[in-house]
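Next up, upload-v9.pdb (PDB, C-alpha atoms):
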```
ATOM      1  CA  MET W 211       1.008  13.475 -13.385  1.00  0.00           C
ATOM      2  CA  LYS W 212      -0.525  10.212 -14.565  1.00  0.00           C
ATOM      3  CA  VAL W 213      -1.224   8.102 -11.495  1.00  0.00           C
ATOM      4  CA  GLY W 214      -2.622   4.569 -11.470  1.00  0.00           C
ATOM      5  CA  VAL W 215      -4.006   2.856  -8.373  1.00  0.00           C
ATOM      6  CA  PHE W 216      -4.335  -0.897  -7.896  1.00  0.00           C
ATOM      7  CA  GLY W 217      -6.995  -1.699  -5.315  1.00  0.00           C
ATOM      8  CA  ALA W 218      -8.720   1.574  -6.129  1.00  0.00           C
ATOM      9  CA  THR W 219     -12.113   0.428  -4.819  1.00  0.00           C
ATOM     10  CA  GLY W 220     -10.802  -0.420  -1.348  1.00  0.00           C
ATOM     11  CA  THR W 221     -10.753   1.875   1.699  1.00  0.00           C
ATOM     12  CA  ILE W 222      -7.224   3.179   1.105  1.00  0.00           C
ATOM     13  CA  GLY W 223      -7.410   3.064  -2.674  1.00  0.00           C
ATOM     14  CA  ARG W 224     -10.543   5.208  -2.789  1.00  0.00           C
ATOM     15  CA  CYS W 225      -8.868   7.818  -0.608  1.00  0.00           C
ATOM     16  CA  VAL W 226      -5.767   7.844  -2.823  1.00  0.00           C
ATOM     17  CA  VAL W 227      -7.915   8.324  -5.931  1.00  0.00           C
ATOM     18  CA  SER W 228      -9.796  11.210  -4.301  1.00  0.00           C
ATOM     19  CA  GLU W 229      -6.636  12.878  -2.976  1.00  0.00           C
ATOM     20  CA  ALA W 230      -4.815  12.616  -6.309  1.00  0.00           C
ATOM     21  CA  LEU W 231      -7.813  13.972  -8.241  1.00  0.00           C
ATOM     22  CA  ALA W 232      -8.160  16.852  -5.799  1.00  0.00           C
ATOM     23  CA  ARG W 233      -4.560  17.830  -6.551  1.00  0.00           C
ATOM     24  CA  GLY W 234      -5.165  17.855 -10.296  1.00  0.00           C
ATOM     25  CA  HIS W 235      -3.568  14.570 -11.331  1.00  0.00           C
ATOM     26  CA  GLN W 236      -4.867  12.230 -14.042  1.00  0.00           C
ATOM     27  CA  VAL W 237      -5.946   9.070 -12.233  1.00  0.00           C
ATOM     28  CA  THR W 238      -6.646   5.535 -13.398  1.00  0.00           C
ATOM     29  CA  GLY W 239      -8.307   3.184 -10.934  1.00  0.00           C
ATOM     30  CA  TRP W 240      -7.594  -0.532 -11.385  1.00  0.00           C
ATOM     31  CA  THR W 241      -9.664  -3.289  -9.822  1.00  0.00           C
ATOM     32  CA  ARG W 242     -10.010  -7.039 -10.295  1.00  0.00           C
ATOM     33  CA  ASP W 243     -13.744  -6.941  -9.573  1.00  0.00           C
ATOM     34  CA  VAL W 244     -15.726  -4.716 -11.966  1.00  0.00           C
ATOM     35  CA  SER W 245     -18.830  -5.153  -9.793  1.00  0.00           C
ATOM     36  CA  ARG W 246     -17.155  -2.866  -7.234  1.00  0.00           C
ATOM     37  CA  LEU W 247     -16.727   0.054  -9.617  1.00  0.00           C
ATOM     38  CA  PRO W 248     -18.478   3.223  -8.416  1.00  0.00           C
ATOM     39  CA  PRO W 249     -21.736   4.110 -10.204  1.00  0.00           C
ATOM     40  CA  GLN W 250     -20.290   7.437 -11.363  1.00  0.00           C
ATOM     41  CA  PRO W 251     -16.579   6.739 -11.863  1.00  0.00           C
ATOM     42  CA  ALA W 252     -15.630  10.045 -13.535  1.00  0.00           C
ATOM     43  CA  PRO W 253     -13.380  12.002 -13.408  1.00  0.00           C
ATOM     44  CA  ALA W 254     -11.075   9.045 -12.759  1.00  0.00           C
ATOM     45  CA  ARG W 255     -10.655   6.436 -15.481  1.00  0.00           C
ATOM     46  CA  TRP W 256     -11.543   2.921 -14.368  1.00  0.00           C
ATOM     47  CA  VAL W 257     -10.060  -0.258 -15.810  1.00  0.00           C
ATOM     48  CA  GLN W 258     -10.259  -3.937 -14.868  1.00  0.00           C
ATOM     49  CA  ALA W 259      -6.826  -5.441 -14.250  1.00  0.00           C
ATOM     50  CA  ASP W 260      -5.348  -8.511 -12.590  1.00  0.00           C
ATOM     51  CA  VAL W 261      -2.533  -7.410 -10.298  1.00  0.00           C
ATOM     52  CA  ILE W 262      -1.020 -10.905 -10.111  1.00  0.00           C
ATOM     53  CA  ASP W 263      -0.722 -11.255 -13.904  1.00  0.00           C
ATOM     54  CA  PRO W 264       2.574  -9.631 -15.038  1.00  0.00           C
ATOM     55  CA  ALA W 265       1.393  -9.250 -18.642  1.00  0.00           C
ATOM     56  CA  ASP W 266      -1.854  -7.581 -17.582  1.00  0.00           C
ATOM     57  CA  VAL W 267       0.012  -5.263 -15.209  1.00  0.00           C
ATOM     58  CA  ALA W 268       2.497  -4.318 -17.924  1.00  0.00           C
ATOM     59  CA  ARG W 269      -0.416  -3.554 -20.253  1.00  0.00           C
ATOM     60  CA  VAL W 270      -2.257  -1.186 -17.932  1.00  0.00           C
ATOM     61  CA  ILE W 271       0.668   0.694 -16.372  1.00  0.00           C
ATOM     62  CA  ALA W 272       2.054   1.902 -19.701  1.00  0.00           C
ATOM     63  CA  GLU W 273       2.378   5.702 -19.866  1.00  0.00           C
ATOM     64  CA  HIS W 274       1.779   6.147 -16.118  1.00  0.00           C
ATOM     65  CA  ASP W 275       4.298   8.172 -14.121  1.00  0.00           C
ATOM     66  CA  VAL W 276       3.511   6.532 -10.782  1.00  0.00           C
ATOM     67  CA  ILE W 277       1.551   3.448  -9.799  1.00  0.00           C
ATOM     68  CA  VAL W 278       0.199   2.831  -6.319  1.00  0.00           C
ATOM     69  CA  ASN W 279      -0.344  -0.693  -5.032  1.00  0.00           C
ATOM     70  CA  ALA W 280      -3.063  -0.360  -2.390  1.00  0.00           C
ATOM     71  CA  ILE W 281      -4.577  -3.818  -2.729  1.00  0.00           C
ATOM     72  CA  ASN W 282      -6.077  -5.805   0.096  1.00  0.00           C
ATOM     73  CA  THR W 283      -6.584  -9.559   0.023  1.00  0.00           C
ATOM     74  CA  GLY W 284     -10.312  -9.796   0.633  1.00  0.00           C
ATOM     75  CA  ASN W 285     -13.577  -8.089   1.497  1.00  0.00           C
ATOM     76  CA  SER W 286     -13.594  -9.646   4.973  1.00  0.00           C
ATOM     77  CA  ILE W 287     -11.005 -10.576   7.576  1.00  0.00           C
ATOM     78  CA  LEU W 288     -11.419 -14.305   6.913  1.00  0.00           C
ATOM     79  CA  GLU W 289     -11.122 -13.775   3.154  1.00  0.00           C
ATOM     80  CA  SER W 290      -8.023 -11.662   3.703  1.00  0.00           C
ATOM     81  CA  ILE W 291      -6.413 -14.457   5.711  1.00  0.00           C
ATOM     82  CA  ALA W 292      -7.278 -17.080   3.099  1.00  0.00           C
ATOM     83  CA  ASN W 293      -5.835 -14.946   0.290  1.00  0.00           C
ATOM     84  CA  ALA W 294      -2.727 -13.638   2.066  1.00  0.00           C
ATOM     85  CA  GLY W 295      -0.518 -15.093  -0.656  1.00  0.00           C
ATOM     86  CA  VAL W 296      -1.846 -12.485  -3.074  1.00  0.00           C
ATOM     87  CA  LEU W 297       0.491  -9.901  -1.510  1.00  0.00           C
ATOM     88  CA  PRO W 298       3.843 -11.486  -2.490  1.00  0.00           C
ATOM     89  CA  ALA W 299       2.298 -12.706  -5.754  1.00  0.00           C
ATOM     90  CA  ALA W 300       1.357  -9.130  -6.638  1.00  0.00           C
ATOM     91  CA  ALA W 301       4.849  -7.942  -5.717  1.00  0.00           C
ATOM     92  CA  ARG W 302       6.400 -10.423  -8.132  1.00  0.00           C
ATOM     93  CA  ALA W 303       3.952  -9.551 -10.911  1.00  0.00           C
ATOM     94  CA  VAL W 304       4.310  -5.787 -10.581  1.00  0.00           C
ATOM     95  CA  LEU W 305       8.108  -5.902 -10.381  1.00  0.00           C
ATOM     96  CA  THR W 306       8.225  -8.132 -13.450  1.00  0.00           C
ATOM     97  CA  ALA W 307       5.922  -5.764 -15.334  1.00  0.00           C
ATOM     98  CA  MET W 308       8.031  -2.763 -14.358  1.00  0.00           C
ATOM     99  CA  GLU W 309      11.021  -4.254 -16.174  1.00  0.00           C
ATOM    100  CA  ARG W 310       9.223  -3.142 -19.349  1.00  0.00           C
ATOM    101  CA  HIS W 311       8.572   0.317 -17.873  1.00  0.00           C
ATOM    102  CA  PRO W 312      11.772   1.253 -15.994  1.00  0.00           C
ATOM    103  CA  ALA W 313      10.889   4.941 -15.648  1.00  0.00           C
ATOM    104  CA  THR W 314       7.642   4.224 -13.791  1.00  0.00           C
ATOM    105  CA  ARG W 315       7.668   4.655 -10.021  1.00  0.00           C
ATOM    106  CA  LEU W 316       5.819   2.365  -7.620  1.00  0.00           C
ATOM    107  CA  ILE W 317       4.428   3.171  -4.181  1.00  0.00           C
ATOM    108  CA  VAL W 318       3.237   0.176  -2.161  1.00  0.00           C
ATOM    109  CA  VAL W 319       0.935   0.400   0.838  1.00  0.00           C
ATOM    110  CA  GLY W 320       2.155  -2.336   3.157  1.00  0.00           C
ATOM    111  CA  GLY W 321       1.640  -3.514   6.711  1.00  0.00           C
ATOM    112  CA  ALA W 322       2.817  -2.352  10.114  1.00  0.00           C
ATOM    113  CA  GLY W 323       3.999  -5.727  11.401  1.00  0.00           C
ATOM    114  CA  SER W 324       7.458  -5.450   9.847  1.00  0.00           C
ATOM    115  CA  LEU W 325       8.127  -2.128  11.559  1.00  0.00           C
ATOM    116  CA  GLU W 326      10.639  -2.219  14.389  1.00  0.00           C
ATOM    117  CA  VAL W 327       9.760  -1.601  18.030  1.00  0.00           C
ATOM    118  CA  GLU W 328      13.498  -1.244  18.656  1.00  0.00           C
ATOM    119  CA  PRO W 329      16.483  -1.595  16.336  1.00  0.00           C
ATOM    120  CA  GLY W 330      16.454  -5.066  14.798  1.00  0.00           C
ATOM    121  CA  GLN W 331      13.253  -6.169  16.545  1.00  0.00           C
ATOM    122  CA  GLN W 332      10.183  -6.259  14.297  1.00  0.00           C
ATOM    123  CA  LEU W 333       6.709  -6.058  15.766  1.00  0.00           C
ATOM    124  CA  VAL W 334       5.577  -9.359  14.219  1.00  0.00           C
ATOM    125  CA  ASP W 335       8.496 -11.199  15.836  1.00  0.00           C
ATOM    126  CA  LEU W 336       7.573 -10.203  19.372  1.00  0.00           C
ATOM    127  CA  GLU W 337       6.605 -13.108  21.612  1.00  0.00           C
ATOM    128  CA  GLY W 338       2.827 -13.493  21.716  1.00  0.00           C
ATOM    129  CA  PHE W 339       2.212 -11.205  18.710  1.00  0.00           C
ATOM    130  CA  ALA W 340      -0.274 -13.502  16.969  1.00  0.00           C
ATOM    131  CA  GLU W 341      -2.041 -14.385  20.210  1.00  0.00           C
ATOM    132  CA  GLY W 342      -2.463 -10.695  20.981  1.00  0.00           C
ATOM    133  CA  LEU W 343      -4.139  -9.780  17.687  1.00  0.00           C
ATOM    134  CA  PRO W 344      -7.745 -10.385  18.872  1.00  0.00           C
ATOM    135  CA  ALA W 345      -7.337  -7.917  21.727  1.00  0.00           C
ATOM    136  CA  ALA W 346      -5.170  -5.426  19.831  1.00  0.00           C
ATOM    137  CA  LEU W 347      -6.991  -5.299  16.496  1.00  0.00           C
ATOM    138  CA  GLY W 348     -10.122  -7.391  16.892  1.00  0.00           C
ATOM    139  CA  VAL W 349      -8.923  -9.962  14.342  1.00  0.00           C
ATOM    140  CA  PRO W 350      -8.204 -13.704  14.742  1.00  0.00           C
ATOM    141  CA  ALA W 351      -4.716 -14.872  15.611  1.00  0.00           C
ATOM    142  CA  ASP W 352      -4.544 -16.365  12.101  1.00  0.00           C
ATOM    143  CA  TYR W 353      -4.383 -12.803  10.751  1.00  0.00           C
ATOM    144  CA  VAL W 354      -0.653 -13.128  11.374  1.00  0.00           C
ATOM    145  CA  LYS W 355      -0.588 -14.826   7.941  1.00  0.00           C
ATOM    146  CA  VAL W 356      -1.478 -11.476   6.350  1.00  0.00           C
ATOM    147  CA  VAL W 357       1.158  -9.689   8.415  1.00  0.00           C
ATOM    148  CA  LEU W 358       3.830 -12.171   7.352  1.00  0.00           C
ATOM    149  CA  ALA W 359       2.707 -11.950   3.707  1.00  0.00           C
ATOM    150  CA  HIS W 360       3.183  -8.177   3.826  1.00  0.00           C
ATOM    151  CA  ARG W 361       6.713  -8.711   5.136  1.00  0.00           C
ATOM    152  CA  GLU W 362       7.446 -11.259   2.423  1.00  0.00           C
ATOM    153  CA  ALA W 363       6.336  -8.736  -0.190  1.00  0.00           C
ATOM    154  CA  LEU W 364       8.527  -6.018   1.350  1.00  0.00           C
ATOM    155  CA  ASN W 365      11.537  -8.322   1.169  1.00  0.00           C
ATOM    156  CA  LEU W 366      10.829  -8.936  -2.523  1.00  0.00           C
ATOM    157  CA  TYR W 367      10.739  -5.197  -3.210  1.00  0.00           C
ATOM    158  CA  ARG W 368      14.001  -4.744  -1.325  1.00  0.00           C
ATOM    159  CA  LEU W 369      15.705  -7.121  -3.749  1.00  0.00           C
ATOM    160  CA  SER W 370      14.556  -5.098  -6.753  1.00  0.00           C
ATOM    161  CA  ASN W 371      16.330  -2.285  -8.585  1.00  0.00           C
ATOM    162  CA  ARG W 372      13.037  -0.787  -9.790  1.00  0.00           C
ATOM    163  CA  LYS W 373      11.907   2.629  -8.503  1.00  0.00           C
ATOM    164  CA  TRP W 374       9.823   1.316  -5.612  1.00  0.00           C
ATOM    165  CA  THR W 375       8.756   2.903  -2.331  1.00  0.00           C
ATOM    166  CA  TYR W 376       7.116   0.946   0.479  1.00  0.00           C
ATOM    167  CA  LEU W 377       4.881   2.729   2.987  1.00  0.00           C
ATOM    168  CA  SER W 378       4.090   0.961   6.252  1.00  0.00           C
ATOM    169  CA  PRO W 379       1.458   2.912   8.169  1.00  0.00           C
ATOM    170  CA  SER W 380       2.097   2.836  11.921  1.00  0.00           C
ATOM    171  CA  ALA W 381      -1.235   1.102  12.477  1.00  0.00           C
ATOM    172  CA  GLY W 382      -2.495  -2.435  12.067  1.00  0.00           C
ATOM    173  CA  LEU W 383      -5.856  -1.722  10.450  1.00  0.00           C
ATOM    174  CA  ILE W 384      -6.639   1.468   8.526  1.00  0.00           C
ATOM    175  CA  THR W 385     -10.178   2.862   8.638  1.00  0.00           C
ATOM    176  CA  SER W 386     -11.873   5.915   7.203  1.00  0.00           C
ATOM    177  CA  GLY W 387     -11.631   8.992   9.379  1.00  0.00           C
ATOM    178  CA  GLU W 388     -10.570  12.605   9.049  1.00  0.00           C
ATOM    179  CA  ARG W 389      -8.156  14.267   6.646  1.00  0.00           C
ATOM    180  CA  THR W 390      -6.009  16.504   8.846  1.00  0.00           C
ATOM    181  CA  GLY W 391      -2.817  16.655   6.779  1.00  0.00           C
ATOM    182  CA  ARG W 392      -0.901  16.504  10.066  1.00  0.00           C
ATOM    183  CA  PHE W 393       1.147  13.411  10.852  1.00  0.00           C
ATOM    184  CA  ARG W 394       4.696  12.303  11.539  1.00  0.00           C
ATOM    185  CA  THR W 395       7.005  10.503   9.146  1.00  0.00           C
ATOM    186  CA  GLY W 396       9.560   7.897  10.128  1.00  0.00           C
ATOM    187  CA  ALA W 397      11.750   5.189   8.620  1.00  0.00           C
ATOM    188  CA  ASN W 398      11.641   1.608   9.920  1.00  0.00           C
ATOM    189  CA  GLN W 399      10.472   2.076  13.500  1.00  0.00           C
ATOM    190  CA  ILE W 400       6.823   2.236  14.482  1.00  0.00           C
ATOM    191  CA  LEU W 401       5.512   5.666  15.515  1.00  0.00           C
ATOM    192  CA  VAL W 402       3.681   5.765  18.840  1.00  0.00           C
ATOM    193  CA  THR W 403       1.923   8.773  20.351  1.00  0.00           C
ATOM    194  CA  ALA W 404       2.478  10.020  23.892  1.00  0.00           C
ATOM    195  CA  ALA W 405      -0.766   8.255  24.792  1.00  0.00           C
ATOM    196  CA  GLY W 406       0.639   4.958  23.571  1.00  0.00           C
ATOM    197  CA  THR W 407      -1.487   4.708  20.433  1.00  0.00           C
ATOM    198  CA  ASN W 408      -0.300   4.106  16.889  1.00  0.00           C
ATOM    199  CA  ASP W 409      -2.788   4.999  14.193  1.00  0.00           C
ATOM    200  CA  ILE W 410      -3.544   7.082  11.117  1.00  0.00           C
ATOM    201  CA  SER W 411      -6.697   7.575   9.063  1.00  0.00           C
ATOM    202  CA  ALA W 412      -7.034   6.320   5.505  1.00  0.00           C
ATOM    203  CA  GLU W 413      -7.464   9.940   4.427  1.00  0.00           C
ATOM    204  CA  ASP W 414      -4.177  11.072   5.966  1.00  0.00           C
ATOM    205  CA  LEU W 415      -2.443   7.963   4.667  1.00  0.00           C
ATOM    206  CA  ALA W 416      -3.579   9.042   1.197  1.00  0.00           C
ATOM    207  CA  VAL W 417      -2.094  12.486   1.795  1.00  0.00           C
ATOM    208  CA  ALA W 418       1.267  10.867   2.578  1.00  0.00           C
ATOM    209  CA  ILE W 419       1.040   8.706  -0.536  1.00  0.00           C
ATOM    210  CA  VAL W 420       0.253  11.578  -2.887  1.00  0.00           C
ATOM    211  CA  ASP W 421       2.957  13.684  -1.225  1.00  0.00           C
ATOM    212  CA  GLU W 422       5.383  10.929  -2.213  1.00  0.00           C
ATOM    213  CA  VAL W 423       3.889  10.850  -5.716  1.00  0.00           C
ATOM    214  CA  GLU W 424       4.605  14.539  -6.144  1.00  0.00           C
ATOM    215  CA  THR W 425       7.939  14.703  -4.310  1.00  0.00           C
ATOM    216  CA  PRO W 426       9.714  11.343  -4.175  1.00  0.00           C
ATOM    217  CA  ARG W 427      11.806  11.144  -1.024  1.00  0.00           C
ATOM    218  CA  HIS W 428      11.971   7.398  -0.458  1.00  0.00           C
ATOM    219  CA  ILE W 429      13.072   5.713  -3.682  1.00  0.00           C
ATOM    220  CA  ARG W 430      14.018   2.076  -2.904  1.00  0.00           C
ATOM    221  CA  GLN W 431      13.202   2.703   0.753  1.00  0.00           C
ATOM    222  CA  ARG W 432      10.494   1.908   3.277  1.00  0.00           C
ATOM    223  CA  PHE W 433       8.982   4.663   5.385  1.00  0.00           C
ATOM    224  CA  THR W 434       6.149   5.005   7.854  1.00  0.00           C
ATOM    225  CA  VAL W 435       3.590   7.622   8.841  1.00  0.00           C
ATOM    226  CA  GLY W 436       1.498   7.996  11.984  1.00  0.00           C
ATOM    227  CA  TYR W 437       0.120  10.506  14.416  1.00  0.00           C
TER
END
```
Exercise: express the given structure as structure tokens:
Amino acid sequence: MKVGVFGATGTIGRCVVSEALARGHQVTGWTRDVSRLPPQPAPARWVQADVIDPADVARVIAEHDVIVNAINTGNSILESIANAGVLPAAARAVLTAMERHPATRLIVVGGAGSLEVEPGQQLVDLEGFAEGLPAALGVPADYVKVVLAHREALNLYRLSNRKWTYLSPSAGLITSGERTGRFRTGANQILVTAAGTNDISAEDLAVAIVDEVETPRHIRQRFTVGY
């Protein structure tokens, strides 16, 4: 299949590119910052693209079977907070671009904050959520702006009739780790282990994404994965 990845130079995006290539797919990596392109980009094809420009998105996604939106909003936590609005802006741009490519599927890597801890109760809405972020994730309380921006983007996708899928990993911050290929899949509720943890590696998250590329099970749905 022809797979394109926005945010392909980020932690998750790099893993998605590697996983898709390993399974024999044709991969295009898209990034806004050409200075972050790998020194030896082959065998993937690398292209500069602006994910918040609908015309640019429509240009680059042509002839792709599936596109993956794995963007982040900055190279640091503070930059991510400052640029949180990029997430809903990208959702609007990509959905607009997909109107010209209705057969193309979209898989979005979102946030965990909109997952439910019980029916109807989202994690981000819990009392003290923002204040607890420094202890829980090692990020400032203002990082709640990123969490809320992810939820805003999800709500935009939910209003669309395009072939979108939204993946919320059951973890707040995704880091590189081990590819095990073993994880659980859920719907809208956060997955917690018997030990009380909720995490997944970027490598296993990429496995879940490429699984969905190959066998779409969540068209116009959100799902989650975790250990």
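With all atoms listed in the file as the atoms that count, the residue of W:Leu247, W:Val420, W:Val304, W:Ala268 with the shortest distance to Glu229 of chain W is W:Val420.
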Evaluate the PyMOL selection byres ((chain W and resi 411-418) around 8) and record the selected residues as a PDB file with C-alpha atoms, in the coordinates of the input, following the chain and residue labels used in the document.
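Contents of out-v9.pdb, freshly written:
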```
ATOM      1  CA  THR W 221     -10.753   1.875   1.699  1.00  0.00           C
ATOM      2  CA  ILE W 222      -7.224   3.179   1.105  1.00  0.00           C
ATOM      3  CA  CYS W 225      -8.868   7.818  -0.608  1.00  0.00           C
ATOM      4  CA  VAL W 226      -5.767   7.844  -2.823  1.00  0.00           C
ATOM      5  CA  GLU W 229      -6.636  12.878  -2.976  1.00  0.00           C
ATOM      6  CA  PRO W 379       1.458   2.912   8.169  1.00  0.00           C
ATOM      7  CA  ILE W 384      -6.639   1.468   8.526  1.00  0.00           C
ATOM      8  CA  THR W 385     -10.178   2.862   8.638  1.00  0.00           C
ATOM      9  CA  SER W 386     -11.873   5.915   7.203  1.00  0.00           C
ATOM     10  CA  GLY W 387     -11.631   8.992   9.379  1.00  0.00           C
ATOM     11  CA  GLU W 388     -10.570  12.605   9.049  1.00  0.00           C
ATOM     12  CA  ARG W 389      -8.156  14.267   6.646  1.00  0.00           C
ATOM     13  CA  THR W 390      -6.009  16.504   8.846  1.00  0.00           C
ATOM     14  CA  GLY W 391      -2.817  16.655   6.779  1.00  0.00           C
ATOM     15  CA  ARG W 392      -0.901  16.504  10.066  1.00  0.00           C
ATOM     16  CA  PHE W 393       1.147  13.411  10.852  1.00  0.00           C
ATOM     17  CA  ASP W 409      -2.788   4.999  14.193  1.00  0.00           C
ATOM     18  CA  ILE W 410      -3.544   7.082  11.117  1.00  0.00           C
ATOM     19  CA  ILE W 419       1.040   8.706  -0.536  1.00  0.00           C
ATOM     20  CA  VAL W 420       0.253  11.578  -2.887  1.00  0.00           C
ATOM     21  CA  ASP W 421       2.957  13.684  -1.225  1.00  0.00           C
ATOM     22  CA  GLU W 422       5.383  10.929  -2.213  1.00  0.00           C
ATOM     23  CA  VAL W 435       3.590   7.622   8.841  1.00  0.00           C
TER      24      VAL W 435
END
```
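Compared by their closest atoms to His235 of chain W, and using all atoms listed in the file, the residues W:Ala381, W:Ile429, W:Val423, W:Ala300 rank with W:Val423 nearest.
Closest approach to Glu328 of chain W among W:Asn398, W:Thr403, W:Thr434, W:Thr375 is made by W:Asn398 (distances from all atoms listed in the file).
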Report summary line: What separates atom CA of Gly295 of chain W and atom CA of Gly342 of chain W is a distance of 22.2 Å
Query raised in the report: Just so the selection is clear, what residues does the PyMOL selection byres ((chain W and resi 323) around 6) cover here, as a ChimeraX atom specification?
Result: /W:321-322,324-325,333-334,357
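Across the structure, atom CA of Val237 of chain W and atom CA of Val261 of chain W are spaced 16.9 Å apart.
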Report task. Quick one: pull the distance between atom CA of Val318 of chain W and atom CA of Trp374 of chain W, Å, one decimal. Result -> 7.5 Å
Query raised in the report: Could you write out as number ranges by chain the residues that the PyMOL selection byres ((chain W and resi 240) around 8) matches in the shown file?
Result: W: 214-218, 238-239, 241-242, 256-259
Query raised in the report: Within 12 Å of Pro344 of chain W, counting only C-alpha atoms, which residues qualify if same-chain residues fewer than 4 places away don't, as a PyMOL selection string?
Result: chain W and resi 287+338-340+348-354+382
Report task. Pick out the residues sitting within 9 Å of Lys373 of chain W, and hand them over as number ranges by chain; count all atoms listed in the file, and ignore anything fewer than 6 positions along from it in its own chain. Result -> W: 308, 312-317, 429-430
Query raised in the report: Restricting the calculation to all atoms listed in the file, which member of W:Asn282, W:Ser228, W:Asn408, W:Thr425 is positioned closest to Gly320 of chain W?
Result: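 Selected residue with least distance to Gly320 of chain W: W:Asn282.
Take the candidates W:Leu231, W:Thr219, W:Val327, W:Val213 and check each one against Ile271 of chain W using only C-alpha atoms; the shortest distance goes to W:Val213.
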Query raised in the report: Between W:Arg246, W:His360, W:Lys212, W:Arg233, which has the minimum distance to Leu297 of chain W (counting only C-alpha atoms)?
Result: W:His360
Would it be fine to have segment 354-359 of chain W, with all heavy atoms, given as a compact mmCIF listing (two decimals), in the first residue's frame?
```txt
# COMPACT_ATOMS: atom_id res chain seq x y z
N VAL W 354 -2.01 21.02 29.91
CA VAL W 354 -3.43 20.71 29.71
C VAL W 354 -3.94 21.36 28.42
O VAL W 354 -4.90 20.87 27.81
CB VAL W 354 -4.27 21.16 30.92
CG1 VAL W 354 -4.38 22.68 31.00
CG2 VAL W 354 -5.65 20.53 30.89
N LYS W 355 -3.29 22.43 27.96
CA LYS W 355 -3.68 23.07 26.70
C LYS W 355 -3.51 22.10 25.52
O LYS W 355 -4.32 22.09 24.59
CB LYS W 355 -2.87 24.33 26.47
CG LYS W 355 -3.12 25.44 27.49
CD LYS W 355 -2.21 26.63 27.24
CE LYS W 355 -2.44 27.72 28.29
NZ LYS W 355 -1.52 28.87 28.09
N VAL W 356 -2.44 21.30 25.56
CA VAL W 356 -2.21 20.31 24.51
C VAL W 356 -3.26 19.21 24.59
O VAL W 356 -3.81 18.77 23.57
CB VAL W 356 -0.80 19.71 24.63
CG1 VAL W 356 -0.56 18.66 23.55
CG2 VAL W 356 0.26 20.81 24.54
N VAL W 357 -3.56 18.78 25.81
CA VAL W 357 -4.57 17.74 26.01
C VAL W 357 -5.92 18.19 25.47
O VAL W 357 -6.62 17.45 24.76
CB VAL W 357 -4.68 17.37 27.50
CG1 VAL W 357 -5.73 16.30 27.72
CG2 VAL W 357 -3.32 16.90 28.04
N LEU W 358 -6.30 19.41 25.78
CA LEU W 358 -7.58 19.94 25.31
C LEU W 358 -7.59 20.14 23.80
O LEU W 358 -8.63 19.96 23.15
CB LEU W 358 -7.89 21.25 26.02
CG LEU W 358 -8.18 21.13 27.53
CD1 LEU W 358 -8.28 22.51 28.16
CD2 LEU W 358 -9.45 20.32 27.79
N ALA W 359 -6.43 20.50 23.23
CA ALA W 359 -6.34 20.67 21.77
C ALA W 359 -6.52 19.33 21.07
O ALA W 359 -7.14 19.25 20.01
CB ALA W 359 -5.01 21.31 21.40
```
